[in-house]
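Following: one structure in structure tokens, then a few remarks.
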Amino acid sequence: MRSLPPPTRSLRALLGAFLAAFAVIGTLMTAPTPAQADTTICEPFGSTTIQGRYVVQNNRWGTSATQCVTATDTGFRITQADGSVPTNGAPKSYPSVFNGCHYTNCSPGTNLPAQVSSISSAPSSISYGYVGNAVYNASYDIWLDPTPRTDGVNRTEIMIWFNRVGPIQPIGSPVGTATVGGRTWEVWSGSNGSNDVLSFVAPSAIGSWSFDVMDFVRATVARGMAQNNWYLTSVQAGFEPWQNGAGLAVNSFSSTVNTGGGSGGPGNPGTPAACKVSYATNVWTGGFTANVTVTNTGSSAVDGWKLAFTLPSGQRITNSWNATVTPASGAVTASGTGHNAQIAPGGSQTFGFQGTYSGTFAQPNGFSLNGTACTTA
């Protein structure tokens, strides 16, 4: 059989082009999708969206010097932070990422504002990146207001200081320590002239943490600085720099607010109530027991009752009965169990616990039943 002649140059070129096209198509089909380019913001109040659900904001208001933040797929970093301000005054800015509403800027798909009494849990996770050549705090902010407002200044600001570098301090004055979310915090309370501020300051730097925002909300309600019929409007994670700050980063941030858990559900404060509390103790050296009676002085039943109060410094609960009491020290909440979760009008429920103490024994005050302050018998 006679062999076929070799392909001509034009035919070889056509075949080569065909094979090259196939290679390009194969590359497009198998190559990973390129990551979205980072977005840099230098406008004082500029913002952008990340993850399709959170807002990154530059939020520079305390200086005219340039500040720029670069939003990443999971958080942001400060890429330029010129100038400084006195450390005995307000910071330069609060670059941050948030879930909720801030001065009419609401994150996509958020269910905030939400009434505190409707929130069963609000899990959040944060990872920070720190630098050493700046004066700043790493602050997680929780905003509460009596109304479901999406603009302006809220009534109460909760600040969680994950880190503090330099000669700076929270607003107000120290009021002791508290255990919230399983950690011990220095607690400061005061006002900045526009809103009340309750700050929980870590004794040493925390790089990352997953926690329930509602633990801090409940601790704030127990101190009388918010009520369960108020609204959670936003949660925010970022930095307050006084000097420099370039390189500071929120590596990752997540926030979820779970609502509609039902009366008496986990973390749900239940229905509001009028109440009276009696607190009887038996004290010995280094230990004590407390029997607590909660009376419903209102005209309707209280479902899913939760009694919040703060144990004096040095006291720690070792066991309890007829209620679940958490955490073991600091701002605690006693919750009715299945058989005694309701208090009828004019009725009462009694629970107790045993604990240890150091120093001088004292009784707590400031009891609050489902967000309503109680009288004491």
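Residue numbers start at 1 in each chain; chains themselves are named A, B, ... in the order of the structure tokens; ligands are numbered from 1 in the order shown.
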As a ChimeraX atom specification, please: the residues near range 87-99 of chain A (cut-off 6 Å, only C-alpha atoms, same-chain neighbours under 6 positions excluded). /A:54-63,107,168,234-242
Just the selected residues (N, CA and C atoms), exported as a PDB file, in the first residue's frame, please.
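Just written: again17.pdb:
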```pdb
ATOM      1  N   TYR A  54     -20.590  40.869  55.806  1.00  0.00           N
ATOM      2  CA  TYR A  54     -20.026  41.775  56.803  1.00  0.00           C
ATOM      3  C   TYR A  54     -19.533  43.052  56.116  1.00  0.00           C
ATOM      4  N   VAL A  55     -19.456  44.134  56.892  1.00  0.00           N
ATOM      5  CA  VAL A  55     -18.970  45.411  56.382  1.00  0.00           C
ATOM      6  C   VAL A  55     -17.640  45.740  57.044  1.00  0.00           C
ATOM      7  N   VAL A  56     -16.643  46.081  56.237  1.00  0.00           N
ATOM      8  CA  VAL A  56     -15.370  46.620  56.722  1.00  0.00           C
ATOM      9  C   VAL A  56     -15.429  48.133  56.565  1.00  0.00           C
ATOM     10  N   GLN A  57     -15.111  48.861  57.635  1.00  0.00           N
ATOM     11  CA  GLN A  57     -15.168  50.326  57.594  1.00  0.00           C
ATOM     12  C   GLN A  57     -13.844  50.927  58.067  1.00  0.00           C
ATOM     13  N   ASN A  58     -13.435  52.006  57.405  1.00  0.00           N
ATOM     14  CA  ASN A  58     -12.216  52.706  57.793  1.00  0.00           C
ATOM     15  C   ASN A  58     -12.438  53.478  59.086  1.00  0.00           C
ATOM     16  N   ASN A  59     -13.531  54.238  59.153  1.00  0.00           N
ATOM     17  CA  ASN A  59     -14.022  54.876  60.379  1.00  0.00           C
ATOM     18  C   ASN A  59     -12.948  55.718  61.076  1.00  0.00           C
ATOM     19  N   ARG A  60     -12.337  56.635  60.311  1.00  0.00           N
ATOM     20  CA  ARG A  60     -11.358  57.571  60.872  1.00  0.00           C
ATOM     21  C   ARG A  60     -12.060  58.876  61.205  1.00  0.00           C
ATOM     22  N   TRP A  61     -12.071  59.235  62.498  1.00  0.00           N
ATOM     23  CA  TRP A  61     -12.812  60.425  62.917  1.00  0.00           C
ATOM     24  C   TRP A  61     -12.047  61.302  63.899  1.00  0.00           C
ATOM     25  N   GLY A  62     -10.934  60.815  64.475  1.00  0.00           N
ATOM     26  CA  GLY A  62     -10.246  61.566  65.519  1.00  0.00           C
ATOM     27  C   GLY A  62      -9.002  62.282  65.061  1.00  0.00           C
ATOM     28  N   THR A  63      -8.711  62.278  63.748  1.00  0.00           N
ATOM     29  CA  THR A  63      -7.521  62.929  63.223  1.00  0.00           C
ATOM     30  C   THR A  63      -7.736  63.224  61.751  1.00  0.00           C
ATOM     31  N   SER A 107     -25.113  45.690  57.330  1.00  0.00           N
ATOM     32  CA  SER A 107     -24.464  44.601  56.616  1.00  0.00           C
ATOM     33  C   SER A 107     -25.502  43.759  55.876  1.00  0.00           C
ATOM     34  N   ILE A 168      -2.745  53.611  77.815  1.00  0.00           N
ATOM     35  CA  ILE A 168      -4.143  53.940  77.563  1.00  0.00           C
ATOM     36  C   ILE A 168      -5.019  53.171  78.536  1.00  0.00           C
ATOM     37  N   SER A 234     -25.577  46.014  66.705  1.00  0.00           N
ATOM     38  CA  SER A 234     -24.416  45.598  65.918  1.00  0.00           C
ATOM     39  C   SER A 234     -23.353  44.999  66.818  1.00  0.00           C
ATOM     40  N   VAL A 235     -22.511  44.162  66.208  1.00  0.00           N
ATOM     41  CA  VAL A 235     -21.288  43.667  66.852  1.00  0.00           C
ATOM     42  C   VAL A 235     -20.142  43.995  65.901  1.00  0.00           C
ATOM     43  N   GLN A 236     -19.036  44.488  66.466  1.00  0.00           N
ATOM     44  CA  GLN A 236     -17.948  45.012  65.654  1.00  0.00           C
ATOM     45  C   GLN A 236     -16.607  44.590  66.238  1.00  0.00           C
ATOM     46  N   ALA A 237     -15.651  44.290  65.373  1.00  0.00           N
ATOM     47  CA  ALA A 237     -14.315  43.894  65.825  1.00  0.00           C
ATOM     48  C   ALA A 237     -13.276  44.721  65.092  1.00  0.00           C
ATOM     49  N   GLY A 238     -12.376  45.362  65.856  1.00  0.00           N
ATOM     50  CA  GLY A 238     -11.356  46.177  65.211  1.00  0.00           C
ATOM     51  C   GLY A 238     -10.342  46.707  66.198  1.00  0.00           C
ATOM     52  N   PHE A 239      -9.837  47.906  65.907  1.00  0.00           N
ATOM     53  CA  PHE A 239      -8.768  48.508  66.709  1.00  0.00           C
ATOM     54  C   PHE A 239      -9.067  49.981  66.957  1.00  0.00           C
ATOM     55  N   GLU A 240      -8.621  50.464  68.121  1.00  0.00           N
ATOM     56  CA  GLU A 240      -8.589  51.891  68.402  1.00  0.00           C
ATOM     57  C   GLU A 240      -7.122  52.299  68.521  1.00  0.00           C
ATOM     58  N   PRO A 241      -6.538  52.875  67.473  1.00  0.00           N
ATOM     59  CA  PRO A 241      -5.134  53.310  67.548  1.00  0.00           C
ATOM     60  C   PRO A 241      -5.006  54.751  68.027  1.00  0.00           C
ATOM     61  N   TRP A 242      -4.009  54.995  68.856  1.00  0.00           N
ATOM     62  CA  TRP A 242      -3.641  56.344  69.269  1.00  0.00           C
ATOM     63  C   TRP A 242      -2.381  56.801  68.527  1.00  0.00           C
TER      64      TRP A 242
END
```
Running DSSP on the backbone, which parts of range 16-237 of chain A land in alpha helix (DSSP H), as a PyMOL selection string? chain A and resi 16-30+213-222
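Residues within 10 Å of Asn340 in chain A, counting only C-alpha atoms and excluding same-chain residues fewer than 4 positions away, are Asp303, Gly304, Trp305, Asn322, Ala323, Ser335, Gly336, Ser348, Gln349, Thr350 and Phe351 of chain A.
Within range 171-209 of chain A, the backbone-based DSSP assignment of strand (DSSP E or B) covers A:Ser173, A:Pro174, A:Val175, A:Gly176, A:Thr177, A:Ala178, A:Thr179, A:Val180, A:Arg183, A:Thr184, A:Trp185, A:Glu186, A:Val187, A:Trp188, A:Ser189, A:Gly190, A:Ser191, A:Asp196, A:Val197, A:Leu198, A:Ser199, A:Phe200, A:Val201, A:Ser208, A:Trp209.
Those residues that approach Val197 in chain A to within 9 Å, counting only C-alpha atoms, are Arg155, Thr156, Glu157, Ile158, Met159, Pro170, Ile171, Gly172, Trp188, Ser189, Gly190, Ser191, Asn192 and Met225 of chain A; same-chain residues fewer than 5 positions away are not listed.
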